[in-house]
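Since the structure comes first, as structure tokens, the remarks are kept for the end.
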Amino acid sequence: MHEEAAARLRTLIFDRRLSPGSWIDELTLAREWGISRTPLREALKVLAVEGLVTAHPGRGCQVTQMSEDDAAQLFPVMALLESRCALEAVQRASDGDLRGLQVLHDELERNAATADIDGYYRAKHAFHSRVQDLAGNPWLARATRELRKFMRLLRGRQLHWPGRMVASMAEHHALMHAFARRDAQTASTLMHDHVMAQLAALQALRARERRDASAPGAAASQPHQEASVTRSATQEQEPA
């Protein structure tokens, strides 16, 4: 039961229904899911080990929030891993594999055409995960999959930077051309640059948000959180 609860918690976190920095309301979740707090607490221990939540003794658990330093350190590592995934995927993929990858790429294009950021993010995650699978390297997959969880905590925030989705789509077009030509080295370079471009957009977005927040008359605002599953970060949970 705790494994099922852990899977549901991951979904809430990755979908940002439990937003970064929010407290997890154990009582409400247990009641809504029809389970006791014991499997929920075991699930939270699992997620704490994974790094998706932070346990605060006597207070409860808080969803991990990626700082600017975290992002600045994580993206370059992911760029190396994803570039290697692209290189090995080109080397190993069959013609049928590439046709399947094109289907995922077409889904990216459909979402880009309608400026659907959430849809684009989901399709992008599926595309990159498939490239990882096509590489066929279990050690590479293990490392990439582990760090991709933390990338998902950001849920494509960089796509909100003006022009980023259009640029991202252009980068994906170039990447697919490299796959079609079986040019592994170019695909590797393009994937690396694509990931680093995401970091640049995220940093630009955060810089603008800081400027907006410090502007005269700027109203302080807090991210919307679902009352059914979160509490304010300033509100403590009942002691365990």
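Letters for chains follow the order of the structure tokens (A, B, ...), residue numbers begin at 1 for each chain, and ligand numbers begin at 1 in the order shown.
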Residues near A:Met151, cut-off 10 Å, only C-alpha atoms, skip fewer than 6 positions along chain, as a VMD selection string: chain A and resid 14 66 71 74 to 75 78 125 145
Please, could you write that set of residues out with C-alpha atoms as a PDB file, in the first residue's frame?
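For reference, again27.pdb as written:
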ATOM      1  CA  PHE A  14       5.338  16.183 -10.765  1.00  0.00           C
ATOM      2  CA  MET A  66      14.819  23.682  -6.512  1.00  0.00           C
ATOM      3  CA  ALA A  71      19.301  24.439 -11.191  1.00  0.00           C
ATOM      4  CA  LEU A  74      21.828  20.227 -12.176  1.00  0.00           C
ATOM      5  CA  PHE A  75      21.312  21.371 -15.772  1.00  0.00           C
ATOM      6  CA  MET A  78      21.801  16.642 -17.275  1.00  0.00           C
ATOM      7  CA  HIS A 125       9.310  14.630 -21.276  1.00  0.00           C
ATOM      8  CA  ARG A 145      16.326   8.689 -14.737  1.00  0.00           C
TER       9      ARG A 145
END
Near-A:Ile117 list (12 Å; only C-alpha atoms; drop same-chain fewer than 5 positions) as a PyMOL selection string: chain A and resi 108-112+122-124+155-166+168-169
Members of stretch 45-106 of chain A assigned strand (DSSP E) by DSSP, as a PyMOL selection string: chain A and resi 53-56+60-63
Preceding selection exported with N, CA, C and O atoms as a compact mmCIF listing (two decimals), in the first residue's frame:
# COMPACT_ATOMS: atom_id res chain seq x y z
N VAL A 53 10.93 15.04 -1.24
CA VAL A 53 10.39 15.78 -0.09
C VAL A 53 11.47 15.88 0.97
O VAL A 53 12.42 15.10 0.98
N THR A 54 11.30 16.85 1.85
CA THR A 54 12.23 17.03 2.97
C THR A 54 11.45 16.83 4.26
O THR A 54 10.40 17.45 4.46
N ALA A 55 11.94 15.93 5.13
CA ALA A 55 11.27 15.66 6.39
C ALA A 55 11.75 16.63 7.47
O ALA A 55 12.96 16.85 7.61
N HIS A 56 10.78 17.18 8.19
CA HIS A 56 11.09 18.08 9.31
C HIS A 56 10.53 17.44 10.57
O HIS A 56 9.31 17.43 10.76
N GLY A 60 6.46 17.54 9.86
CA GLY A 60 5.92 16.88 8.69
C GLY A 60 6.89 16.94 7.53
O GLY A 60 8.11 17.07 7.72
N CYS A 61 6.36 16.85 6.32
CA CYS A 61 7.20 16.83 5.12
C CYS A 61 6.83 17.97 4.18
O CYS A 61 5.66 18.34 4.05
N GLN A 62 7.85 18.48 3.53
CA GLN A 62 7.70 19.62 2.62
C GLN A 62 8.24 19.21 1.25
O GLN A 62 9.29 18.57 1.14
N VAL A 63 7.52 19.58 0.20
CA VAL A 63 7.95 19.26 -1.16
C VAL A 63 9.25 20.01 -1.46
O VAL A 63 9.37 21.20 -1.18
Shell around A:Leu52 at 12 Å using only C-alpha atoms, local window under 2 positions removed, as a VMD selection string: chain A and resid 6 to 7 9 to 14 18 to 22 24 43 to 50 54 to 55 61 to 66 146 to 154
Interatomic distance, atom CA of A:Leu140 to atom CA of A:Leu80 (Å, one decimal):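 Separation of atom CA of A:Leu140 and atom CA of A:Leu80: 10.6 Å.
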Minimum-distance residue to A:Arg142, chosen among A:Thr38, A:Arg31, A:Arg211, A:Leu81 (using only C-alpha atoms):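 Closest residue, counting only C-alpha atoms: A:Leu81.
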Residue nearest A:Asp183 among A:Arg92, A:His2, A:Arg16, A:Arg41 (counting only C-alpha atoms):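 Going through A:Arg92, A:His2, A:Arg16, A:Arg41 one by one, the smallest distance to A:Asp183 is for A:Arg92.
Take atom CA of A:Gln91 and atom CA of A:Arg182: the distance between them is 7.2 Å.
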